[in-house]
Amino acid sequence: MKLKAEAEAEAEAEAAKLQKNNNNTQKEAEVENPEDYNDPETTPGDKKKLSRQMAKTYKPSAVETSWYEWWEKSKFFEADPDSSKPSFVIVLPPPNVTGPLHIGHALTAAIQDTIIRWRRMSGYNTLWVPGTDHAGIAAQAYVEKQFLRFTTITRDEMGRYSFINDLGDMKNLYRDAILRQLRCLGASLDWSRECYTMDEKRSLAVTEAFVRLHKDGVIYRQLRLVNWDCLLQTAISNIEVEHIEIKERTPLRVPGYEKPVEFGVLTSFAYPLEEGLGEIIVATTRVETMLGDTAIAVHPDDSRYSHVHGKFAIHPFNGRKLPIVCDAVLVDMNFGTGAVKITPAHDPNDYEVGKRLNLEIINIFTDGGKINSNGGPEFTGMPRFEARVAVTEALKKKGLFKGDQNNEMRLGICSRTRDVVEPLLKPQWYVNCKSMAEQALDAVTDGASPKIEIIPKQYVAEWKRWFENIPDWCISRQIGWGHRIPAWYAVLIDEPKELGAYNDHWVVGRNKAEATEEANKIFSGKEFDLHKDPDVLDTWFSSGIFPLSVLGWPNDTKDLRAFYSTSVLETGPDILFLWVARMVMLGMKLGGDVPFRKVYLHPMVCDARGREMSKLLGNAIDPLEVINGIELKGLHKKLDDESSLDKNELEIAKEDYVKDFPDGIPECGADALRFALVSYTAQSDKIKLDIQKVVEYRQWCNKLWDAIRFSMTKLGEDYIPREEMIPATLPFSCKWILSVLNKAISKTIVSLDSYEFSDAATAVYSWWQFQLCDVFMEVIKPYFTGNDPAYASERKHAQDTLWLCLDNGLRLLHPFMPFVTEELWQRLPSKKDSVRKESIVISEYPSTVESWNIDGVELEMDLIQFVVKSLRSLRAQLGPNEKCERLAAFVVCLTSDAWNTIKKHELEVSTLATLSSLHVLSKKDDVPVGCILDTLNESESVSVFLKLKGVVNVEAEFEKLNKKMEYLQK
């Protein structure tokens, strides 16, 4: 689509310009020489050549470049169906080709890549299948809205062929953009198996599925009321209808109408009765449908209307005679007037009455939602909601209008177009879900070991509720974009030519030749012409067989045998029934087993106002805008160029951007974005995205960078890691860091295995930040001061332990932050004569080591850190000059155990608390004057004193102690 392509090109050019000079986080790195990150001789696709000298600061754009191309070229992500390793398989929920990915998709990619990288490093034959979805109604709605913005041409004026060509252009544009975004996010997908729901193989699979299900009697065609979208002129399924609760008279904007339309209004009017019997009053929230009324129902026991049983009312606009019928099922004689208008063609309940009582069924709407000729010449051609006003005015002129009042109601809205759904009588193709639903229900709820585990468990109850009340699924759509239904209508020479006039004239086949063969069996000896059904299948039908079709079904492929069923489906709860449930039904029916063993439903990403991120609302943030950074004017330009919002919606979206991102979005990098999103998963069912959280993790990446720079100076250029370490011989701090590393490894693995991703991320972060960087790297500094020979042994042990921590820590972190960990891991020295993996991607994930568990070291360090924290707290109370000086400290120990521990670790306490000296006293010893003190809680058995150089303000100290005593007494 030329208009769209041009807009996209302009937006990309502008974004490239904006990226160069974004904000402070970028400016700090501008002073760096690019060669301090990468050797300029690196060839695209080859392994990155790292410079010998590390840059002083971390810059995401420099670190994250080149690695992905090398990973992909090295085929690290490709699965082998012949492998003897256990398989672990994920199918990426295929994003719609209606636009680039937003942060919600980035969350999906971050979680799934964390899982797949962890499993790959843990020895599994991993397969993560990428794909995109043609999107059906969503794509058609998007393109039509775009045409309304840029041209006055409609779909009908363009013709099906041209319209589909433009949809194809949009698909190509955004499909390429989506695949580029996934690579930028570091998603380790098996690109050799990348697919698209309308490519040749997937199309053949969809046809095969339809034919088989039709042959089994699961798919059938029937005339019934459907949910109709007048904007797109197509049927939609029940699950694609959202319901708005309206409490009172409420004006709402409806697509295609300039003025808001009122809902929540109950209009009363009278029908005159024949033979001078007076009138009968009815009420409705859809007064325009009275043009299609064919009866009035009363309760058979209602004495008020016994005299009109079998009589007729006269339609005021066309003179049609409406029988007064009795129906005890529909009518509540104690509600309203006790008389109910019946419109069988436009209301599900009325349709059932019409079938029971054999009433006439009159459709008054065109497919576009206008009044047709059945509605009478006075209203023909009017849009339905304009007709609502016109009919009301006409009733008033005839003296039949009886007033209106507020009325609570549920209004059905199409989830894609936001059009008000209209019930219309249409022949459609349906899937009989009954038997498949029973299997899908059992798969989740049967016994202690169900075939499918849903996480979080609260969704199991929803699964049960939905499947126990599942309706048949309408799968035909009257749009141009999608898989054409493999059905042909046989028009016999001596019968009416109208397509679909006879339901038994439809034949199904994989192709026209097969359909012709079937038709010859049915119409033996008769001449006929076959006409293919112009309708297409619901997008969710092709997506429903995605776990099968991506592995080569219906063919008996190696992939299908090796990788079906898949291991886990990770997605949002918003498509639990649109997609997940249908995959389970179709997977069990066609594939013979459940399509996946676990379903993990992540929280939905929302904006600062709690609204789900959506292209329809214009609040969707492109993950590349967070990775690369973008100014506010760049965000506004993208809205202007790409969104399909109308003028009012566009202004609101721009105002929201001003509130949320007044200074634009700083460059954060993919690693920081991924880690922030994974960390958010502990939040109930919604994530309120705060870009500042991503910025904090970008700063933490700088902390990792600094940690490796510091470590490289301590290891030295000639350092070779020790082949084997004996933890029992190590200094205390080395024993401790290995012990807590063991716990971090265990916690991370247990959390990943139980899909508690936030806990896993916290475990890794806490070890790196609070134990390795804040404690261990500080406490070993004295060993390296001036190369003191007294510390030679400790220095060597510290080097070996530091290398071991960095190697394990980077591998532990890699699934969450793939780029920075690869860059830093590649800089670590290798063991002598060891065969090191070529990339951290295919290295082993850390596992716990029994010998690292040493009794007592963590308790000792807890006491040390408690003392240090108290000393730092005392220092914080001092004036600015004293804060910067090294001061003497005293620790009074009330027990011999505490005295022994602190005495043994004077060096650690002095180093971490930056003291000039430390004196460890017993409770019998006197503390020198001129100190401020902090009495720790009784269980710690210590008191801490900090010697001041100036005069102690005794009154101030007494005041502090009194306040503390009052607090403790409470």
# chains A, B, ... in the order shown; residues from 1 in each chain; ligands from 1
>>> select_by_dssp(residues="segment 416-565 of chain A", states="helix (DSSP H, G or I)", output="PyMOL selection string")
chain A and resi 434-445+458-468+503-505+512-522+539-544+546-549+558-563
>>> write_last_selection(atoms="C-alpha atoms", output="PDB file, in the first residue's frame")
ATOM      1  CA  LYS A 434     -19.797 -30.151  21.922  1.00  0.00           C
ATOM      2  CA  SER A 435     -17.629 -33.290  21.831  1.00  0.00           C
ATOM      3  CA  MET A 436     -14.366 -31.365  21.351  1.00  0.00           C
ATOM      4  CA  ALA A 437     -15.273 -29.109  24.276  1.00  0.00           C
ATOM      5  CA  GLU A 438     -15.738 -32.111  26.551  1.00  0.00           C
ATOM      6  CA  GLN A 439     -12.233 -33.331  25.701  1.00  0.00           C
ATOM      7  CA  ALA A 440     -10.724 -29.868  26.162  1.00  0.00           C
ATOM      8  CA  LEU A 441     -12.449 -29.500  29.527  1.00  0.00           C
ATOM      9  CA  ASP A 442     -11.186 -32.877  30.727  1.00  0.00           C
ATOM     10  CA  ALA A 443      -7.657 -32.064  29.557  1.00  0.00           C
ATOM     11  CA  VAL A 444      -7.459 -29.262  32.133  1.00  0.00           C
ATOM     12  CA  THR A 445      -9.741 -30.411  34.952  1.00  0.00           C
ATOM     13  CA  GLN A 458      -7.347 -19.061  38.847  1.00  0.00           C
ATOM     14  CA  TYR A 459      -7.976 -19.363  35.112  1.00  0.00           C
ATOM     15  CA  VAL A 460      -8.934 -23.037  35.477  1.00  0.00           C
ATOM     16  CA  ALA A 461     -12.324 -21.990  36.869  1.00  0.00           C
ATOM     17  CA  GLU A 462     -12.887 -19.698  33.853  1.00  0.00           C
ATOM     18  CA  TRP A 463     -11.882 -22.530  31.525  1.00  0.00           C
ATOM     19  CA  LYS A 464     -14.466 -24.794  33.153  1.00  0.00           C
ATOM     20  CA  ARG A 465     -17.197 -22.145  33.028  1.00  0.00           C
ATOM     21  CA  TRP A 466     -16.638 -21.370  29.357  1.00  0.00           C
ATOM     22  CA  PHE A 467     -16.477 -24.947  28.121  1.00  0.00           C
ATOM     23  CA  GLU A 468     -19.567 -25.976  30.052  1.00  0.00           C
ATOM     24  CA  ASN A 503     -28.405 -25.676   1.792  1.00  0.00           C
ATOM     25  CA  ASP A 504     -27.919 -29.222   0.474  1.00  0.00           C
ATOM     26  CA  HIS A 505     -26.233 -27.988  -2.717  1.00  0.00           C
ATOM     27  CA  LYS A 512     -12.378 -27.942  -7.358  1.00  0.00           C
ATOM     28  CA  ALA A 513     -11.673 -31.332  -8.919  1.00  0.00           C
ATOM     29  CA  GLU A 514     -12.424 -33.059  -5.622  1.00  0.00           C
ATOM     30  CA  ALA A 515     -15.542 -30.928  -5.151  1.00  0.00           C
ATOM     31  CA  THR A 516     -16.702 -31.812  -8.686  1.00  0.00           C
ATOM     32  CA  GLU A 517     -16.262 -35.499  -7.932  1.00  0.00           C
ATOM     33  CA  GLU A 518     -18.359 -35.113  -4.783  1.00  0.00           C
ATOM     34  CA  ALA A 519     -21.041 -33.141  -6.642  1.00  0.00           C
ATOM     35  CA  ASN A 520     -21.260 -35.879  -9.319  1.00  0.00           C
ATOM     36  CA  LYS A 521     -22.109 -38.377  -6.584  1.00  0.00           C
ATOM     37  CA  ILE A 522     -24.857 -36.146  -5.179  1.00  0.00           C
ATOM     38  CA  THR A 539      -8.584 -16.089  11.492  1.00  0.00           C
ATOM     39  CA  TRP A 540      -8.772 -18.091  14.696  1.00  0.00           C
ATOM     40  CA  PHE A 541      -9.521 -21.244  12.696  1.00  0.00           C
ATOM     41  CA  SER A 542      -6.117 -21.140  10.973  1.00  0.00           C
ATOM     42  CA  SER A 543      -4.482 -20.032  14.224  1.00  0.00           C
ATOM     43  CA  GLY A 544      -6.266 -22.869  15.994  1.00  0.00           C
ATOM     44  CA  PHE A 546      -0.984 -23.439  14.320  1.00  0.00           C
ATOM     45  CA  PRO A 547       0.894 -25.827  16.673  1.00  0.00           C
ATOM     46  CA  LEU A 548       0.166 -28.573  14.144  1.00  0.00           C
ATOM     47  CA  SER A 549       0.662 -26.678  10.896  1.00  0.00           C
ATOM     48  CA  LYS A 558      10.090 -35.479  11.401  1.00  0.00           C
ATOM     49  CA  ASP A 559       9.220 -32.230  13.151  1.00  0.00           C
ATOM     50  CA  LEU A 560       5.705 -33.411  13.914  1.00  0.00           C
ATOM     51  CA  ARG A 561       6.966 -36.677  15.379  1.00  0.00           C
ATOM     52  CA  ALA A 562       9.744 -35.022  17.382  1.00  0.00           C
ATOM     53  CA  PHE A 563       8.092 -31.850  18.621  1.00  0.00           C
TER      54      PHE A 563
END
>>> residues_around(residues="Pro44 of chain A", least_positions_apart="6", cutoff="9 Å", atoms="only C-alpha atoms", output="ChimeraX atom specification")
/A:66,69-70
>>> residues_around(residues="Gly587 of chain A", least_positions_apart="4", cutoff="9 Å", atoms="only C-alpha atoms", output="ChimeraX atom specification")
/A:544-548,565,582-583,591-596
>>> atom_distance(atom1="atom CA of Leu50 of chain A", atom2="atom CA of Gln826 of chain A")
8.3 Å
>>> residues_around(residues="Ser268 of chain A", least_positions_apart="6", cutoff="8 Å", atoms="only C-alpha atoms", output="short mmCIF file (atom, residue, chain, number, x, y, z; two decimals) with N, CA and C atoms, in the first residue's frame")
data_model
loop_
_atom_site.label_atom_id
_atom_site.label_comp_id
_atom_site.auth_asym_id
_atom_site.auth_seq_id
_atom_site.Cartn_x
_atom_site.Cartn_y
_atom_site.Cartn_z
N ILE A 281 -49.62 -1.26 23.95
CA ILE A 281 -48.35 -0.53 24.12
C ILE A 281 -47.20 -1.52 24.35
N VAL A 282 -46.12 -1.29 23.62
CA VAL A 282 -44.91 -2.10 23.77
C VAL A 282 -43.74 -1.16 24.03
N ALA A 283 -42.59 -1.73 24.42
CA ALA A 283 -41.39 -0.91 24.68
C ALA A 283 -40.18 -1.62 24.12
N THR A 284 -39.19 -0.82 23.71
CA THR A 284 -37.97 -1.38 23.11
C THR A 284 -36.80 -0.43 23.27
N PHE A 401 -46.34 7.65 19.99
CA PHE A 401 -45.20 7.68 20.90
C PHE A 401 -45.70 7.86 22.33
N LYS A 402 -45.24 7.02 23.26
CA LYS A 402 -45.73 7.06 24.64
C LYS A 402 -44.66 7.46 25.66
N GLY A 403 -43.51 7.91 25.16
CA GLY A 403 -42.47 8.37 26.08
C GLY A 403 -41.26 7.45 26.10
N ASP A 404 -40.20 7.91 26.78
CA ASP A 404 -39.01 7.07 26.94
C ASP A 404 -38.44 7.27 28.33
#
>>> residues_around(residues="segment 920-927 of chain A", least_positions_apart="5", cutoff="10 Å", atoms="only C-alpha atoms", output="ChimeraX atom specification")
/A:889-896,898-904,906,941-945,947
>>> atom_distance(atom1="atom CA of Gly572 of chain A", atom2="atom CA of Met604 of chain A")
6.4 Å
